[in-house]
Amino acid sequence: MKFKIGQEYTYERTFTKKDVEEFIVLSQYTGKHHEVPNEDGEVMIQGLLTATLPTTIGGQYDILMYKMVYHLVKPVYTGDHVVCRITVKDLFEKNGTERIILEFSTKNQKGEEVLSGELKGLPLDL
């Protein structure tokens, strides 16, 4: 297995209004709070769009996620810079298949947690 317990990965991103608009078109996931700017001129990012950050590891390392648990702690707005830290919590084999459990915490530029959770997946050997 190419992973080790305790190993950490970091992904970061600043979401834009264009990201929100394109996600609305792609997912049909809308709402006034995702379209009408607040007093600072920013709109709220969709929770599922924010949640794409921790799943980046799945695409980068070919992990087929079979369970994703998200705790949407605080809203993220366009212009916010978010940093997601993912830690390998456990590695094990079940029924002859390798499995991985990942924990993550995502914080905004103020150091406030905005998203946390756990991912369970099957590392693919492609």
# chains A, B, ... in the order shown; residues from 1 in each chain; ligands from 1
>>> residues_around(residues="Ile63 in chain A", least_positions_apart="2", cutoff="6 Å", atoms="only C-alpha atoms", output="PDB file with N, CA, C and O atoms, in the first residue's frame")
ATOM      1  N   GLY A  58      -8.872  11.539  -3.515  1.00  0.00           N
ATOM      2  CA  GLY A  58      -9.381  10.367  -4.226  1.00  0.00           C
ATOM      3  C   GLY A  58      -9.005  10.374  -5.690  1.00  0.00           C
ATOM      4  O   GLY A  58      -8.587   9.360  -6.248  1.00  0.00           O
ATOM      5  N   TYR A  61      -4.987  10.111  -6.047  1.00  0.00           N
ATOM      6  CA  TYR A  61      -4.364   8.829  -5.724  1.00  0.00           C
ATOM      7  C   TYR A  61      -5.236   7.632  -6.067  1.00  0.00           C
ATOM      8  O   TYR A  61      -4.991   6.524  -5.591  1.00  0.00           O
ATOM      9  N   MET A  65     -13.953   6.173  -3.131  1.00  0.00           N
ATOM     10  CA  MET A  65     -14.584   6.435  -1.840  1.00  0.00           C
ATOM     11  C   MET A  65     -15.928   5.720  -1.779  1.00  0.00           C
ATOM     12  O   MET A  65     -16.732   5.801  -2.695  1.00  0.00           O
ATOM     13  N   GLY A 121     -12.347   4.586   1.844  1.00  0.00           N
ATOM     14  CA  GLY A 121     -12.192   4.250   0.439  1.00  0.00           C
ATOM     15  C   GLY A 121     -11.385   2.998   0.181  1.00  0.00           C
ATOM     16  O   GLY A 121     -10.815   2.387   1.089  1.00  0.00           O
ATOM     17  N   LEU A 122     -11.385   2.657  -1.093  1.00  0.00           N
ATOM     18  CA  LEU A 122     -10.640   1.511  -1.600  1.00  0.00           C
ATOM     19  C   LEU A 122      -9.535   2.043  -2.507  1.00  0.00           C
ATOM     20  O   LEU A 122      -9.821   2.552  -3.599  1.00  0.00           O
ATOM     21  N   PRO A 123      -8.279   1.993  -2.077  1.00  0.00           N
ATOM     22  CA  PRO A 123      -7.191   2.413  -2.960  1.00  0.00           C
ATOM     23  C   PRO A 123      -7.125   1.478  -4.166  1.00  0.00           C
ATOM     24  O   PRO A 123      -7.017   0.264  -4.007  1.00  0.00           O
ATOM     25  N   LEU A 124      -7.250   2.047  -5.346  1.00  0.00           N
ATOM     26  CA  LEU A 124      -7.237   1.239  -6.565  1.00  0.00           C
ATOM     27  C   LEU A 124      -5.799   1.094  -7.050  1.00  0.00           C
ATOM     28  O   LEU A 124      -4.999   2.014  -6.941  1.00  0.00           O
TER      29      LEU A 124
END
>>> residues_around(residues="range 21-34 of chain A", least_positions_apart="3", cutoff="6 Å", atoms="only C-alpha atoms", output="PyMOL selection string")
chain A and resi 18+43-44
>>> select_by_dssp(residues="chain A", states="strand (DSSP E or B)", output="ChimeraX atom specification")
/A:8-14,44,63-72,77,81-94,97-107,113-123
>>> residues_around(residues="range 89-94 of chain A", least_positions_apart="6", cutoff="9 Å", atoms="only C-alpha atoms", output="PyMOL selection string")
chain A and resi 1+3-7+100-103
>>> closest_residue(among="A:Val20, A:Leu119, A:Ile86, A:Leu72", to="Gly47 in chain A", atoms="only C-alpha atoms")
A:Leu72
>>> atom_distance(atom1="CA of Tyr11 in chain A", atom2="CA of Ser116 in chain A")
13.4 Å
>>> closest_residue(among="A:Glu42, A:Glu113, A:Glu8, A:Asp62", to="Gly79 in chain A", atoms="only C-alpha atoms")
A:Glu42
>>> residues_around(residues="Thr10 in chain A", least_positions_apart="3", cutoff="8 Å", atoms="only C-alpha atoms", output="ChimeraX atom specification")
/A:83-86
>>> write_last_selection(atoms="all heavy atoms", output="mmCIF file, in the first residue's frame")
data_model
loop_
_atom_site.group_PDB
_atom_site.id
_atom_site.type_symbol
_atom_site.label_atom_id
_atom_site.label_comp_id
_atom_site.auth_asym_id
_atom_site.auth_seq_id
_atom_site.Cartn_x
_atom_site.Cartn_y
_atom_site.Cartn_z
ATOM 1 N N VAL A 83 -8.097 25.807 3.453
ATOM 2 C CA VAL A 83 -7.015 24.826 3.469
ATOM 3 C C VAL A 83 -7.557 23.561 4.126
ATOM 4 O O VAL A 83 -8.076 23.608 5.235
ATOM 5 C CB VAL A 83 -5.784 25.342 4.251
ATOM 6 C CG1 VAL A 83 -4.706 24.276 4.300
ATOM 7 C CG2 VAL A 83 -5.251 26.627 3.634
ATOM 8 N N CYS A 84 -7.429 22.453 3.417
ATOM 9 C CA CYS A 84 -7.917 21.165 3.892
ATOM 10 C C CYS A 84 -6.732 20.266 4.208
ATOM 11 O O CYS A 84 -5.893 20.012 3.350
ATOM 12 C CB CYS A 84 -8.808 20.522 2.839
ATOM 13 S SG CYS A 84 -9.458 18.921 3.331
ATOM 14 N N ARG A 85 -6.687 19.798 5.462
ATOM 15 C CA ARG A 85 -5.646 18.870 5.878
ATOM 16 C C ARG A 85 -6.279 17.498 6.078
ATOM 17 O O ARG A 85 -7.239 17.352 6.834
ATOM 18 C CB ARG A 85 -4.999 19.340 7.154
ATOM 19 C CG ARG A 85 -4.133 20.566 6.954
ATOM 20 C CD ARG A 85 -3.289 20.904 8.134
ATOM 21 N NE ARG A 85 -2.407 22.030 8.106
ATOM 22 C CZ ARG A 85 -2.339 23.057 7.296
ATOM 23 N NH1 ARG A 85 -3.148 23.125 6.309
ATOM 24 N NH2 ARG A 85 -1.479 24.034 7.413
ATOM 25 N N ILE A 86 -5.717 16.531 5.388
ATOM 26 C CA ILE A 86 -6.231 15.165 5.428
ATOM 27 C C ILE A 86 -5.169 14.276 6.066
ATOM 28 O O ILE A 86 -3.988 14.364 5.714
ATOM 29 C CB ILE A 86 -6.544 14.662 4.001
ATOM 30 C CG1 ILE A 86 -7.574 15.578 3.347
ATOM 31 C CG2 ILE A 86 -7.028 13.219 4.028
ATOM 32 C CD1 ILE A 86 -7.748 15.326 1.859
#
>>> select_by_dssp(residues="chain A", states="alpha helix (DSSP H)", output="list in words")
Lys17, Lys18, Asp19, Val20, Glu21, Glu22, Phe23, Ile24, Val25, Leu26, Ser27, Gly47, Leu48, Leu49, Thr50, Thr56, Ile57, Gly58, Gly59, Gln60 and Tyr61 of chain A
>>> closest_residue(among="A:Val73, A:Leu115, A:Ile57, A:Ile45", to="Asp19 in chain A", atoms="only C-alpha atoms")
A:Ile45
>>> closest_residue(among="A:Thr78, A:Thr97, A:Thr50, A:Thr56", to="Phe15 in chain A", atoms="only C-alpha atoms")
A:Thr78
>>> atom_distance(atom1="CA of Gln109 in chain A", atom2="CA of Lys17 in chain A")
17.5 Å
